[in-house]
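Chemist: If you scroll down you'll find the structure; I have some questions about it.
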Amino acid sequence: MLIVAALGGNALLKRGEPLTAEAQRINVKIAAKSLAKLVQAGHELVITHGNGPQVGLLALQGAAYKPEEAYPLDVLGAETGGMIGYMIEQEMENALGHDRPVATLLTQVVVDRDDPAFKNPTKFIGPVYDKAEAESRAAAAGWHIAADGDKWRRVVASPAPREIPDMRVLKLLLDQGVVIICTGGGGIPVLRRNDGSMTGVEAVIDKDAASALLARELKADALLLLTDVDAVYRDFGTPTAAPVRSVTPEQGRTLDVPAGSMGPKVVAACDFADTGGISGIGRLEDALDILNGRAGTLITKDATNHS
């Protein structure tokens with residue numbers, strides 16, 4: 001099967017870990033070993049990943065140097081796509097014994113200039129802060145901030161992905177048996193001008209939504225949204241919480257799940273499953289078992305067990 005596997009930010013940098021290259025390298029190595037099992041089982045693989053912590057850190061570093069010369073978010077998105085892609089590419093090559101070509105493609109993703117998300121920033125980026133520090137930083141830098149669990153973080157615009165102009169390149173790579181890492185951080189956000197040319201825009205696209213679009217455009221057989229939670233849970237965070245093992249897209253959309261974390265994954269998974277493919281959500285280390293229905297949550301049109 002052709003599988004698009006999306007690595008959540010928590011799979012690359014666990015909450016509370018330092019934003020260091022060493023910490024990310026350790027997590028990427030673990031991710032690569034799990035993803036390599038999909039390739040070794042005979043599947044074609046396209047890997048996507050988040051970049052929220054990393055793009056926020058780069059923005060802080062730029063502002064600490066010369067705020068008036070700080071790079072915009074689309075450029076920072078390209079930088080994180082290269083950095084994280086490099087790590088995943090190298091560790092995938094190591095995990096596969098260097099017997100399969102692996103390549104990273106910086107991927108532009110077109111968004112709509114009139115998307116209402118530009119007036120309502122919701123995408124978390126960067127480190128977490130206590131409320132007082134977050135408010136102080138927001139006042140100084142002109143940020144929008146929002147609560148992320150019991151902490152606070154910067155939020156930026158997250159417009160919906162509309163088009164992936166690099167599809168021809170991706171298909172060429174797949175035709176050659178390449179394991180591809182692409183659409184990093186949801187892709188590099190760009191606008192298409194009236195004359196057809198493109199230009200970057202200040203935003204961070206939701207990785208799960210971009211991965212679902214990518215999977216549809218590639219006509220993939222499966223979309224795996226991999227994180228640090230073992231399944232989608234009904235009544236999450238309550239004494240009656242229970243894992244949901246199998247649902248249809250219609251049933252999935254009725255689940256009451258946390259809007260800031262699991263919500264986008266369920267929406268993306270349901271959107272892809274509507275096309276007839278298999279969507280799976282669960283722990284990174286369970287990737288192959290999720291695909292085979294032995295772990296995680298499966299969302300398919302013909303799901304028979306709403307447990």
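Residue numbering restarts at 1 for every chain of the structure tokens, chains are lettered A, B, ... in their displayed order, and ligands are numbered from 1 as they appear.
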Among range 101-271 of chain A, which residues carry a DSSP assignment of alpha helix (DSSP H), reported as a PyMOL selection string?
Modeler: chain A and resi 131-141+167-175+207-218+249-252+262-271
Chemist: Those same residues - N, CA and C atoms - I'd like them written as a short mmCIF file (atom, residue, chain, number, x, y, z; two decimals), in the first residue's frame.
Modeler:
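Okay, this is what ended up in selection38.cif:
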```cif
data_model
loop_
_atom_site.label_atom_id
_atom_site.label_comp_id
_atom_site.auth_asym_id
_atom_site.auth_seq_id
_atom_site.Cartn_x
_atom_site.Cartn_y
_atom_site.Cartn_z
N LYS A 131 1.38 31.92 32.43
CA LYS A 131 0.54 32.99 31.88
C LYS A 131 1.20 34.36 31.95
N ALA A 132 1.82 34.66 33.08
CA ALA A 132 2.42 35.99 33.25
C ALA A 132 3.52 36.24 32.23
N GLU A 133 4.40 35.24 32.03
CA GLU A 133 5.48 35.43 31.06
C GLU A 133 4.94 35.51 29.64
N ALA A 134 3.93 34.69 29.34
CA ALA A 134 3.33 34.73 28.01
C ALA A 134 2.73 36.10 27.72
N GLU A 135 2.04 36.65 28.71
CA GLU A 135 1.42 37.98 28.52
C GLU A 135 2.48 39.05 28.35
N SER A 136 3.59 38.93 29.09
CA SER A 136 4.67 39.91 28.98
C SER A 136 5.31 39.85 27.59
N ARG A 137 5.58 38.63 27.12
CA ARG A 137 6.19 38.48 25.80
C ARG A 137 5.23 38.95 24.70
N ALA A 138 3.96 38.64 24.86
CA ALA A 138 2.97 39.05 23.86
C ALA A 138 2.88 40.57 23.75
N ALA A 139 2.91 41.22 24.91
CA ALA A 139 2.84 42.68 24.91
C ALA A 139 4.06 43.29 24.23
N ALA A 140 5.24 42.69 24.46
CA ALA A 140 6.47 43.22 23.90
C ALA A 140 6.60 42.96 22.41
N ALA A 141 6.12 41.80 21.96
CA ALA A 141 6.35 41.38 20.56
C ALA A 141 5.12 41.48 19.67
N MET A 167 3.25 18.44 -6.53
CA MET A 167 2.79 17.06 -6.69
C MET A 167 3.53 16.32 -7.80
N ARG A 168 3.88 17.00 -8.87
CA ARG A 168 4.57 16.31 -9.97
C ARG A 168 5.92 15.75 -9.52
N VAL A 169 6.63 16.53 -8.72
CA VAL A 169 7.93 16.07 -8.22
C VAL A 169 7.74 14.88 -7.28
N LEU A 170 6.75 14.96 -6.41
CA LEU A 170 6.49 13.87 -5.48
C LEU A 170 6.17 12.57 -6.22
N LYS A 171 5.37 12.67 -7.26
CA LYS A 171 5.01 11.46 -8.01
C LYS A 171 6.21 10.88 -8.76
N LEU A 172 7.10 11.75 -9.24
CA LEU A 172 8.32 11.27 -9.89
C LEU A 172 9.18 10.48 -8.90
N LEU A 173 9.30 11.00 -7.68
CA LEU A 173 10.09 10.32 -6.66
C LEU A 173 9.46 8.97 -6.28
N LEU A 174 8.14 8.96 -6.12
CA LEU A 174 7.47 7.70 -5.78
C LEU A 174 7.66 6.66 -6.88
N ASP A 175 7.59 7.10 -8.13
CA ASP A 175 7.78 6.18 -9.26
C ASP A 175 9.16 5.52 -9.22
N LYS A 207 -0.46 20.58 10.13
CA LYS A 207 0.21 19.44 9.52
C LYS A 207 -0.75 18.31 9.16
N ASP A 208 -1.75 18.08 10.01
CA ASP A 208 -2.68 16.99 9.75
C ASP A 208 -3.57 17.29 8.55
N ALA A 209 -4.03 18.54 8.44
CA ALA A 209 -4.85 18.92 7.29
C ALA A 209 -4.05 18.81 5.99
N ALA A 210 -2.79 19.28 6.02
CA ALA A 210 -1.94 19.19 4.83
C ALA A 210 -1.63 17.74 4.48
N SER A 211 -1.44 16.90 5.49
CA SER A 211 -1.16 15.48 5.24
C SER A 211 -2.36 14.80 4.61
N ALA A 212 -3.58 15.14 5.06
CA ALA A 212 -4.78 14.56 4.47
C ALA A 212 -4.93 14.99 3.00
N LEU A 213 -4.65 16.27 2.72
CA LEU A 213 -4.69 16.74 1.33
C LEU A 213 -3.66 16.01 0.49
N LEU A 214 -2.45 15.87 1.02
CA LEU A 214 -1.39 15.16 0.32
C LEU A 214 -1.81 13.72 0.02
N ALA A 215 -2.37 13.03 1.02
CA ALA A 215 -2.79 11.64 0.84
C ALA A 215 -3.86 11.53 -0.23
N ARG A 216 -4.79 12.48 -0.25
CA ARG A 216 -5.84 12.45 -1.28
C ARG A 216 -5.24 12.68 -2.66
N GLU A 217 -4.35 13.66 -2.77
CA GLU A 217 -3.76 13.99 -4.07
C GLU A 217 -2.89 12.85 -4.61
N LEU A 218 -2.23 12.14 -3.71
CA LEU A 218 -1.38 11.01 -4.12
C LEU A 218 -2.19 9.73 -4.34
N PRO A 249 -16.32 7.78 9.12
CA PRO A 249 -16.10 9.24 9.16
C PRO A 249 -17.26 9.98 9.81
N GLU A 250 -18.49 9.54 9.53
CA GLU A 250 -19.66 10.20 10.11
C GLU A 250 -19.65 10.08 11.63
N GLN A 251 -19.35 8.89 12.14
CA GLN A 251 -19.27 8.70 13.58
C GLN A 251 -18.11 9.47 14.19
N GLY A 252 -16.99 9.50 13.47
CA GLY A 252 -15.81 10.19 13.97
C GLY A 252 -16.06 11.67 14.18
N MET A 262 -6.22 16.64 19.60
CA MET A 262 -6.76 15.51 18.86
C MET A 262 -7.78 15.94 17.81
N GLY A 263 -8.44 17.07 18.04
CA GLY A 263 -9.48 17.53 17.12
C GLY A 263 -9.04 17.61 15.67
N PRO A 264 -7.94 18.31 15.36
CA PRO A 264 -7.50 18.40 13.97
C PRO A 264 -7.16 17.05 13.36
N LYS A 265 -6.65 16.12 14.18
CA LYS A 265 -6.32 14.79 13.67
C LYS A 265 -7.57 14.04 13.26
N VAL A 266 -8.62 14.11 14.09
CA VAL A 266 -9.86 13.40 13.78
C VAL A 266 -10.50 13.99 12.52
N VAL A 267 -10.50 15.31 12.41
CA VAL A 267 -11.06 15.95 11.21
C VAL A 267 -10.31 15.52 9.96
N ALA A 268 -8.97 15.57 10.01
CA ALA A 268 -8.16 15.18 8.86
C ALA A 268 -8.37 13.71 8.51
N ALA A 269 -8.42 12.86 9.54
CA ALA A 269 -8.60 11.43 9.32
C ALA A 269 -9.95 11.15 8.68
N CYS A 270 -10.99 11.83 9.15
CA CYS A 270 -12.34 11.64 8.58
C CYS A 270 -12.39 12.13 7.13
N ASP A 271 -11.76 13.27 6.86
CA ASP A 271 -11.75 13.80 5.50
C ASP A 271 -11.10 12.82 4.53
#
```
Chemist: Give me the residues near range 40-43 of chain A as a list of chain:residue names, where near means some atom within 10 Å (using only C-alpha atoms) and where sequence neighbours in that chain fewer than 6 positions away do not count.
Modeler: A:Met1, A:Leu2, A:Ile3, A:Leu96, A:Val179, A:Leu288
Chemist: Pull the strand (DSSP E) assignments for range 45-206 of chain A out of DSSP run on the backbone, and list those residues as a PyMOL selection string.
Modeler: chain A and resi 45-49+102-105+108-110+123-129+144-148+151-156+179-182+188-192+198-200
Chemist: Considering only C-alpha atoms, can you say which of A:Ala241, A:Cys182, A:Leu73, A:Leu225 comes closest to Asp166 in chain A?
Modeler: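 When distances to Asp166 in chain A are compared using only C-alpha atoms, the smallest one comes from A:Cys182.
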Chemist: Which residues, written as a PyMOL selection string, have at least one atom at most 7 Å from Val109 in chain A, with only C-alpha atoms counted and residues fewer than 6 positions away on the same chain left out?
Modeler: chain A and resi 161+163-165+187-190
Chemist: Just write the chosen residues, N, CA and C atoms, as a compact mmCIF listing (two decimals), in the first residue's frame.
Modeler:
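What ended up in out_26.txt:
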```txt
# COMPACT_ATOMS: atom_id res chain seq x y z
N PRO A 161 -5.02 24.26 3.88
CA PRO A 161 -4.25 23.99 2.66
C PRO A 161 -5.19 23.77 1.47
N GLU A 163 -3.82 23.58 -2.11
CA GLU A 163 -3.18 23.02 -3.31
C GLU A 163 -1.71 22.73 -3.00
N ILE A 164 -1.20 21.63 -3.54
CA ILE A 164 0.22 21.29 -3.39
C ILE A 164 0.86 21.32 -4.77
N PRO A 165 1.48 22.44 -5.14
CA PRO A 165 2.00 22.57 -6.50
C PRO A 165 3.18 21.65 -6.81
N GLY A 187 3.79 22.20 5.35
CA GLY A 187 4.24 22.80 4.09
C GLY A 187 4.58 24.26 4.26
N ILE A 188 5.28 24.81 3.29
CA ILE A 188 5.64 26.23 3.30
C ILE A 188 4.43 27.02 2.79
N PRO A 189 3.83 27.89 3.60
CA PRO A 189 2.60 28.57 3.18
C PRO A 189 2.86 29.64 2.12
N VAL A 190 2.15 29.51 1.02
CA VAL A 190 2.30 30.48 -0.08
C VAL A 190 0.93 30.89 -0.60
```
Chemist: Give me the residues within 12 Å of Arg245 in chain A as a list in words, counting only C-alpha atoms and dropping any in the same chain fewer than 3 places off.
Modeler: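 Once the nearby chain positions are removed, what remains is Asp230, Ala231, Val232, Tyr233, Arg234, Ala242, Thr248, Gln251, Gly252, Ser279, Gly280, Ile281, Gly282, Ile290, Gly293, Arg294, Ala295, Gly296, Thr297, Leu298, Ile299, Thr300, Ala303, Thr304, Asn305, His306 and Ser307 of chain A.
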Chemist: Counting only C-alpha atoms, which residue out of A:Gly82, A:Pro243, A:Gly277, A:Gly186 sits closest to Val257 in chain A?
Modeler: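 For Val257 in chain A, the nearest of the given residues is A:Pro243.
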Chemist: Give me, as an mmCIF file with N, CA, C and O atoms, in the first residue's frame, all polymer residues having an atom no more than 7 Å from range 20-26 of chain A, counting only C-alpha atoms and skipping those fewer than 6 positions away in the same chain.
Modeler:
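Okay, around_15.cif is ready:
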```cif
data_model
loop_
_atom_site.group_PDB
_atom_site.id
_atom_site.type_symbol
_atom_site.label_atom_id
_atom_site.label_comp_id
_atom_site.auth_asym_id
_atom_site.auth_seq_id
_atom_site.Cartn_x
_atom_site.Cartn_y
_atom_site.Cartn_z
ATOM 1 N N LEU A 12 8.263 14.072 17.884
ATOM 2 C CA LEU A 12 9.615 14.556 17.601
ATOM 3 C C LEU A 12 10.231 15.287 18.791
ATOM 4 O O LEU A 12 11.454 15.316 18.936
ATOM 5 N N LEU A 13 9.396 15.890 19.602
ATOM 6 C CA LEU A 13 9.887 16.645 20.753
ATOM 7 C C LEU A 13 8.813 16.589 21.826
ATOM 8 O O LEU A 13 7.781 17.238 21.717
ATOM 9 N N MET A 87 17.158 15.250 9.607
ATOM 10 C CA MET A 87 17.279 14.260 10.682
ATOM 11 C C MET A 87 16.491 12.992 10.362
ATOM 12 O O MET A 87 16.985 11.872 10.535
#
```
Chemist: Interatomic distance between CA of Ile180 in chain A and CA of Glu44 in chain A?
Modeler: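 Straight-line distance from CA of Ile180 in chain A to CA of Glu44 in chain A works out to 9.2 Å.
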Chemist: How far is it from CA of Val229 in chain A to CA of Asp256 in chain A, in Å with one decimal?
Modeler: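 Interatomic distance, CA of Val229 in chain A to CA of Asp256 in chain A: 15.9 Å.
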